[in-house]
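These notes are about the structure you will find just below.
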Amino acid sequence: MTIKEMEERSGLQRANIRFYEQEGLLAPQRLNNGYRDYSDNDLQQLHRIHLLRTLGLSLDEIRAAQKGEASLDSLLAQHAHALEQQAAQSQQRAQLCRRIRQDGAQYETLDGRRWLDTLAEDEPAAAAVPPTDACHKVTAPWRRLFARYFDLFLYSSLWIMLGTVLIGQAPSTQTAGAWNGLSSLISVGAMLLVEPLLLRVWGTTPGKWLLGLSVRSNTGSKLSYGEGLYRTAQALWHGAAFFIPIFSLFRGYQRYYDCTEGKTLAWEWDSELTLKDEKPWRIAACLGAVIAQGLLLIPLTAAQANPPHRGDITVAEFAENYNHFSDYYDFDLWLNEKGRWAQKPRPDGSYVISTGGVDTPHFIYSEKDGVLMSLTASTEVKGDTGNWISLHHNRRILAILAFAQAYDPTPLNNDEVVAVIRKLQEHPLTALDETVHGVRITWEFSATGYHISERDGLLVPIEGQTPSCSMVFTMEKVS
């Protein structure tokens with residue numbers, strides 16, 4: 001039978017059974033794969049050991065009885081005498097020793113289960129083995145939890161870096177939710193597949209290694225890939241519920257309680273966790289590694305807030321910058337290499353058409369030696385009583401990012417540009433004249449005969465009135 005079956009049939013923890021094996025009181029057979037195979041005789045031996053240890057006999061006394069170096073009768077007589085000198089709680093055990101003697105039991109014929117049941121009926125608490133009869137079991141619930149989440153964060157960080165490189169940009173503001181969900185699934189999947197390999201090769205994982213933890217099989221060897229896969233899958237489900245919200249917290253609390261109680265967790269029947277040491281530097285190293293991962297992600301993420309072309313740019317490069325931000329913010333706005341509104345390609349091969357016209361003015365560019373010096377977009381309407389007019393919030397925002405942000409000397413900080421954009425968003429009808437990173441940005445607006453919706457950015461003609469409006473947006477490189 002397996003150690004799990006021995007644990008169930010004997011009522012003892014695996015740590016107790018292993019301890020008695022280490023002390024030479026149990027000697028189960030070994031299978032070809034190195035695992036122990038317990039027999040009914042081993043179970044009977046364990047009951048005897050359990051009984052005699054519960055009565056207070058030492059390991060050496062039990063070992064002597066096993067080897068025939070001392071008779072059980074004399075040992076029980078000596079122990080009964082000692083128990084009689086103890087407090088009232090010990091009297092029950094002394095009485096049981098006498099009853100066993102009267103029964104004429106020898107070690108080879110001792111019915112441990114019968115006398116354990118008798119002892120438990122009279123004194124339930126007396127049936128517990130001495131606390132020293134157990135192999136040291138690593139609990140360390142918080143250390144184990146931090147190791148697990150460190151590994152998950154590592155897989156997630158690597159996926160974000162790889163995914164960003166593969167697609168050429170970080171997720172847009174519109175796809176961030178789906179991206180995060182996909183990242184979580186991929187991170188858990190990576191842990192499920194990669195962790196068994198790490199346990200097979202090194203016997204530990206990055207998080208466990210930093211915190212001094214390692215994993216071995218019951219035979220003392222590293223886990224096979226299959227054993228590691230089973231262990232990781234069980235740990236993810238029974239320990240973290242695959243990180244399902246709320247449910248994972250419930251599972252985590254259950255396993256924390258089981259761990260502190262020294263119980264064998266669902267993924268530990270065929271493996272053991274060892275702790276090399278608990279030196280404080282390990283905690284500091286783990287926190288430092290987490291911070292380092294975060295610092296690596298900052299420039300990668302921040303790079304998406306900057307245009308691909310920086311410094312002096314051409315009209316074509318301005319268009320590429322503009323389209324970069326259009327993709328990032330998921331807008332249906334697109335410029336061709338000449339800076340004119342054009343068809344925006346979609347992944348499925350279709351197009352979104354951005355056209356010009358009275359309500360969608362093209363940018364007018366000024367260049368010097370091939371360098372873009374300024375651009376202007378203006379709209380002027382007089383006497384048109386039928387058309388709705390757009391304020392073009394998004395077009396102005398993308399243009400500022402594509403032009404002014406190209407001259408930002410601090411690529412990890414775009415606060416000044418963001419401040420200008422926020423002014424335009426919060427006060428779209430107010431004139432603006434700001435210079436940022438050597439680019440002067442102006443906005444002039446006037447309108448009559450329109451209902452103006454600042455939230456939607458629309459001007460709706462008022463019936464019976466003659467509407468007119470003028471909008472001029474300019475950016476000019478001044479230094």
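Letters A, B, ... go to the chains of the structure tokens in the order shown; residues in each chain start at 1; ligands are counted from 1 in the same order.
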
### Task
Find the residues near region 6-11 of chain A: any atom within 8 Å, counting only C-alpha atoms, skip ones fewer than 4 places away on the same chain, and give them as a count of residues only.
7

### Message
I want to know what sits within 9 Å of Gln405 (chain A), based on only C-alpha atoms, with residues of the same chain fewer than 2 positions away left out; could you give that as an MDAnalysis selection string?
### Response
chainID A and resid 305:307 310 400:403 407:409 411 414 417 436:437

With only C-alpha atoms counted and 12 Å as the cut-off, give the residues of region 200-277 of chain A in contact with region 182-185 of chain A, each with its shortest interatomic distance in Å and the pair that gives it, as CSV.
residue,atom,partner,partner_atom,distance
A:Phe242,CA,A:Leu185,CA,9.2
A:Phe243,CA,A:Ser184,CA,8.9
A:Ile244,CA,A:Ser184,CA,10.3
A:Pro245,CA,A:Ser184,CA,11.8

### Query
Could you pull out the strand (DSSP E or B) residues of region 103-352 of chain A from DSSP and send them as a list of chain:residue names?
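Going through region 103-352 of chain A, the strand (DSSP E or B) residues come out as A:Leu213, A:Ser214, A:Val215, A:Arg216, A:Ser217, A:Ser271, A:Glu272, A:Leu273, A:Thr274, A:Leu275, A:Leu335, A:Trp341, A:Gln343, A:Lys344, A:Pro345, A:Tyr351, A:Val352.
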
Could you write those residues out with N, CA, C and O atoms, as an mmCIF file, in the first residue's frame?
data_model
loop_
_atom_site.group_PDB
_atom_site.id
_atom_site.type_symbol
_atom_site.label_atom_id
_atom_site.label_comp_id
_atom_site.auth_asym_id
_atom_site.auth_seq_id
_atom_site.Cartn_x
_atom_site.Cartn_y
_atom_site.Cartn_z
ATOM 1 N N LEU A 213 13.651 27.639 -1.097
ATOM 2 C CA LEU A 213 12.814 26.447 -1.168
ATOM 3 C C LEU A 213 13.219 25.557 -2.340
ATOM 4 O O LEU A 213 13.683 26.049 -3.370
ATOM 5 N N SER A 214 13.027 24.276 -2.178
ATOM 6 C CA SER A 214 13.241 23.332 -3.271
ATOM 7 C C SER A 214 12.282 22.165 -3.089
ATOM 8 O O SER A 214 11.676 22.002 -2.027
ATOM 9 N N VAL A 215 12.137 21.352 -4.140
ATOM 10 C CA VAL A 215 11.176 20.240 -4.137
ATOM 11 C C VAL A 215 11.905 18.948 -4.499
ATOM 12 O O VAL A 215 12.706 18.927 -5.436
ATOM 13 N N ARG A 216 11.613 17.895 -3.749
ATOM 14 C CA ARG A 216 12.158 16.575 -4.032
ATOM 15 C C ARG A 216 11.038 15.547 -3.952
ATOM 16 O O ARG A 216 10.026 15.758 -3.282
ATOM 17 N N SER A 217 11.253 14.412 -4.640
ATOM 18 C CA SER A 217 10.287 13.321 -4.559
ATOM 19 C C SER A 217 10.470 12.593 -3.237
ATOM 20 O O SER A 217 11.415 12.864 -2.483
ATOM 21 N N SER A 271 5.713 14.235 -3.101
ATOM 22 C CA SER A 271 6.871 15.130 -3.111
ATOM 23 C C SER A 271 6.988 15.828 -1.763
ATOM 24 O O SER A 271 6.040 15.845 -0.979
ATOM 25 N N GLU A 272 8.154 16.387 -1.525
ATOM 26 C CA GLU A 272 8.404 17.075 -0.267
ATOM 27 C C GLU A 272 9.059 18.412 -0.537
ATOM 28 O O GLU A 272 9.906 18.535 -1.434
ATOM 29 N N LEU A 273 8.679 19.412 0.243
ATOM 30 C CA LEU A 273 9.266 20.741 0.138
ATOM 31 C C LEU A 273 10.346 20.883 1.198
ATOM 32 O O LEU A 273 10.141 20.510 2.359
ATOM 33 N N THR A 274 11.508 21.383 0.800
ATOM 34 C CA THR A 274 12.595 21.599 1.747
ATOM 35 C C THR A 274 12.934 23.078 1.801
ATOM 36 O O THR A 274 12.741 23.814 0.825
ATOM 37 N N LEU A 275 13.431 23.516 2.936
ATOM 38 C CA LEU A 275 13.803 24.915 3.143
ATOM 39 C C LEU A 275 15.267 24.966 3.546
ATOM 40 O O LEU A 275 15.650 24.426 4.587
ATOM 41 N N LEU A 335 -3.361 58.776 -41.849
ATOM 42 C CA LEU A 335 -2.728 59.664 -42.818
ATOM 43 C C LEU A 335 -1.825 58.857 -43.728
ATOM 44 O O LEU A 335 -1.155 57.921 -43.279
ATOM 45 N N TRP A 341 -5.555 62.582 -45.438
ATOM 46 C CA TRP A 341 -6.457 61.548 -44.928
ATOM 47 C C TRP A 341 -6.541 60.406 -45.930
ATOM 48 O O TRP A 341 -6.656 60.615 -47.128
ATOM 49 N N GLN A 343 -7.173 55.755 -46.420
ATOM 50 C CA GLN A 343 -7.817 54.548 -45.916
ATOM 51 C C GLN A 343 -6.971 53.915 -44.819
ATOM 52 O O GLN A 343 -5.769 53.731 -44.969
ATOM 53 N N LYS A 344 -7.624 53.589 -43.705
ATOM 54 C CA LYS A 344 -6.933 52.921 -42.600
ATOM 55 C C LYS A 344 -7.137 51.416 -42.721
ATOM 56 O O LYS A 344 -8.258 50.925 -42.671
ATOM 57 N N PRO A 345 -6.058 50.647 -42.884
ATOM 58 C CA PRO A 345 -6.219 49.193 -43.026
ATOM 59 C C PRO A 345 -6.601 48.537 -41.710
ATOM 60 O O PRO A 345 -6.214 48.986 -40.638
ATOM 61 N N TYR A 351 -11.099 48.309 -44.888
ATOM 62 C CA TYR A 351 -10.552 49.634 -44.669
ATOM 63 C C TYR A 351 -11.591 50.530 -44.003
ATOM 64 O O TYR A 351 -12.790 50.370 -44.184
ATOM 65 N N VAL A 352 -11.061 51.486 -43.209
ATOM 66 C CA VAL A 352 -11.880 52.577 -42.705
ATOM 67 C C VAL A 352 -11.425 53.830 -43.439
ATOM 68 O O VAL A 352 -10.221 54.134 -43.468
#

### Task
Compile the contact shell of Tyr20 (chain A) as a count of residues only: residues with an atom at most 12 Å away, counting only C-alpha atoms, same-chain residues fewer than 6 positions apart removed.
23

### Query
Contacts of Gly228 (chain A) at 8 Å or less, counting only C-alpha atoms, minus same-chain residues fewer than 5 places along, as a list of chain:residue names?
A:Glu195, A:Pro196, A:Leu197, A:Leu199, A:Arg200, A:Leu223

Just to be explicit: take each residue in the selection above, keep N, CA and C atoms, and write the result as a PDB file, in the first residue's frame.
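As written to disk, again_0.pdb reads:
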ATOM      1  N   GLU A 195       7.063  25.210 -15.129  1.00  0.00           N
ATOM      2  CA  GLU A 195       7.484  24.855 -13.770  1.00  0.00           C
ATOM      3  C   GLU A 195       7.881  23.388 -13.638  1.00  0.00           C
ATOM      4  N   PRO A 196       7.135  22.431 -14.214  1.00  0.00           N
ATOM      5  CA  PRO A 196       7.579  21.030 -14.127  1.00  0.00           C
ATOM      6  C   PRO A 196       8.965  20.815 -14.727  1.00  0.00           C
ATOM      7  N   LEU A 197       9.280  21.539 -15.795  1.00  0.00           N
ATOM      8  CA  LEU A 197      10.608  21.420 -16.402  1.00  0.00           C
ATOM      9  C   LEU A 197      11.678  21.942 -15.455  1.00  0.00           C
ATOM     10  N   LEU A 199      11.482  22.073 -12.185  1.00  0.00           N
ATOM     11  CA  LEU A 199      11.589  21.121 -11.079  1.00  0.00           C
ATOM     12  C   LEU A 199      12.364  19.877 -11.519  1.00  0.00           C
ATOM     13  N   ARG A 200      12.194  19.489 -12.774  1.00  0.00           N
ATOM     14  CA  ARG A 200      12.911  18.315 -13.277  1.00  0.00           C
ATOM     15  C   ARG A 200      14.409  18.590 -13.383  1.00  0.00           C
ATOM     16  N   LEU A 223      11.961  15.588  -9.206  1.00  0.00           N
ATOM     17  CA  LEU A 223      10.727  15.084  -9.801  1.00  0.00           C
ATOM     18  C   LEU A 223      10.910  14.855 -11.295  1.00  0.00           C
TER      19      LEU A 223
END

### Task
For His309 (chain A), please output as a ChimeraX atom specification all residues within 9 Å (counting only C-alpha atoms; exclusion window: fewer than 6 positions along the same chain).
/A:317-318,320-321,402,406

### Query
For the atom pair CA of Asn323 (chain A) and CA of His393 (chain A), what is the interatomic distance in Å to one decimal place?
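One can read the CA of Asn323 (chain A) to CA of His393 (chain A) distance as 15.7 Å.
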
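For the pair CA of Gln465 (chain A) and CA of His427 (chain A), the interatomic distance is 25.1 Å.
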
### Task
Just give me the gap between CA of Thr205 (chain A) and CA of Cys286 (chain A) in Å, one decimal is fine.
12.5 Å

Counting only C-alpha atoms, which residues of region 269-330 of chain A sit at most 10 Å from some atom of region 147-150 of chain A, and what is each one's closest atom pair with its distance in Å to one decimal, listed by chain and rising residue number, as CSV?
residue,atom,partner,partner_atom,distance
A:Cys286,CA,A:Phe150,CA,7.8
A:Leu287,CA,A:Phe150,CA,9.1
A:Ala289,CA,A:Phe150,CA,8.8
A:Val290,CA,A:Phe150,CA,7.2

Only C-alpha atoms, please: the residues just picked out, written as a compact mmCIF listing (two decimals), in the first residue's frame.
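Written file, result17.txt:
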# COMPACT_ATOMS: atom_id res chain seq x y z
CA CYS A 286 12.94 38.65 -3.81
CA LEU A 287 11.61 42.20 -3.39
CA ALA A 289 13.86 41.12 -8.21
CA VAL A 290 10.20 42.21 -8.30

### Task
Per DSSP on the backbone, filter region 336-470 of chain A down to the residues in helix (DSSP H, G or I) and report them as a count of residues only.
27

### Query
Smallest atom-to-atom distance to Trp269 (chain A): which of A:Tyr257, A:Tyr230, A:Trp237, A:Trp159, using only C-alpha atoms?
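Nearest candidate to Trp269 (chain A) out of A:Tyr257, A:Tyr230, A:Trp237, A:Trp159: A:Tyr230.
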
Could you pull the residues within 9 Å of Gln425 (chain A), counting only C-alpha atoms, minus those fewer than 4 positions along the same chain, as a compact mmCIF listing (two decimals) with C-alpha atoms, in the first residue's frame?
# COMPACT_ATOMS: atom_id res chain seq x y z
CA HIS A 393 -10.88 66.78 -30.61
CA ILE A 397 -4.79 65.35 -29.79
CA VAL A 420 -1.77 70.93 -23.06
CA ILE A 421 -4.03 68.16 -24.32
CA GLU A 454 -18.67 70.25 -25.75

Please identify all polymer residues within 8 Å of Lys382 (chain A), counting only C-alpha atoms, omitting same-chain residues fewer than 3 positions from it, and present them as a PDB file with N, CA, C and O atoms, in the first residue's frame.
ATOM      1  N   THR A 466     -28.580  82.192 -39.038  1.00  0.00           N
ATOM      2  CA  THR A 466     -27.521  82.015 -40.028  1.00  0.00           C
ATOM      3  C   THR A 466     -26.238  81.678 -39.289  1.00  0.00           C
ATOM      4  O   THR A 466     -25.603  82.554 -38.699  1.00  0.00           O
ATOM      5  N   PRO A 467     -25.858  80.396 -39.295  1.00  0.00           N
ATOM      6  CA  PRO A 467     -24.685  80.006 -38.516  1.00  0.00           C
ATOM      7  C   PRO A 467     -23.385  80.369 -39.218  1.00  0.00           C
ATOM      8  O   PRO A 467     -23.310  80.420 -40.447  1.00  0.00           O
ATOM      9  N   SER A 468     -22.365  80.582 -38.394  1.00  0.00           N
ATOM     10  CA  SER A 468     -21.017  80.789 -38.912  1.00  0.00           C
ATOM     11  C   SER A 468     -20.031  80.356 -37.835  1.00  0.00           C
ATOM     12  O   SER A 468     -20.297  80.471 -36.641  1.00  0.00           O
ATOM     13  N   CYS A 469     -18.919  79.841 -38.278  1.00  0.00           N
ATOM     14  CA  CYS A 469     -17.897  79.443 -37.301  1.00  0.00           C
ATOM     15  C   CYS A 469     -16.531  79.515 -37.948  1.00  0.00           C
ATOM     16  O   CYS A 469     -16.392  79.449 -39.186  1.00  0.00           O
TER      17      CYS A 469
END
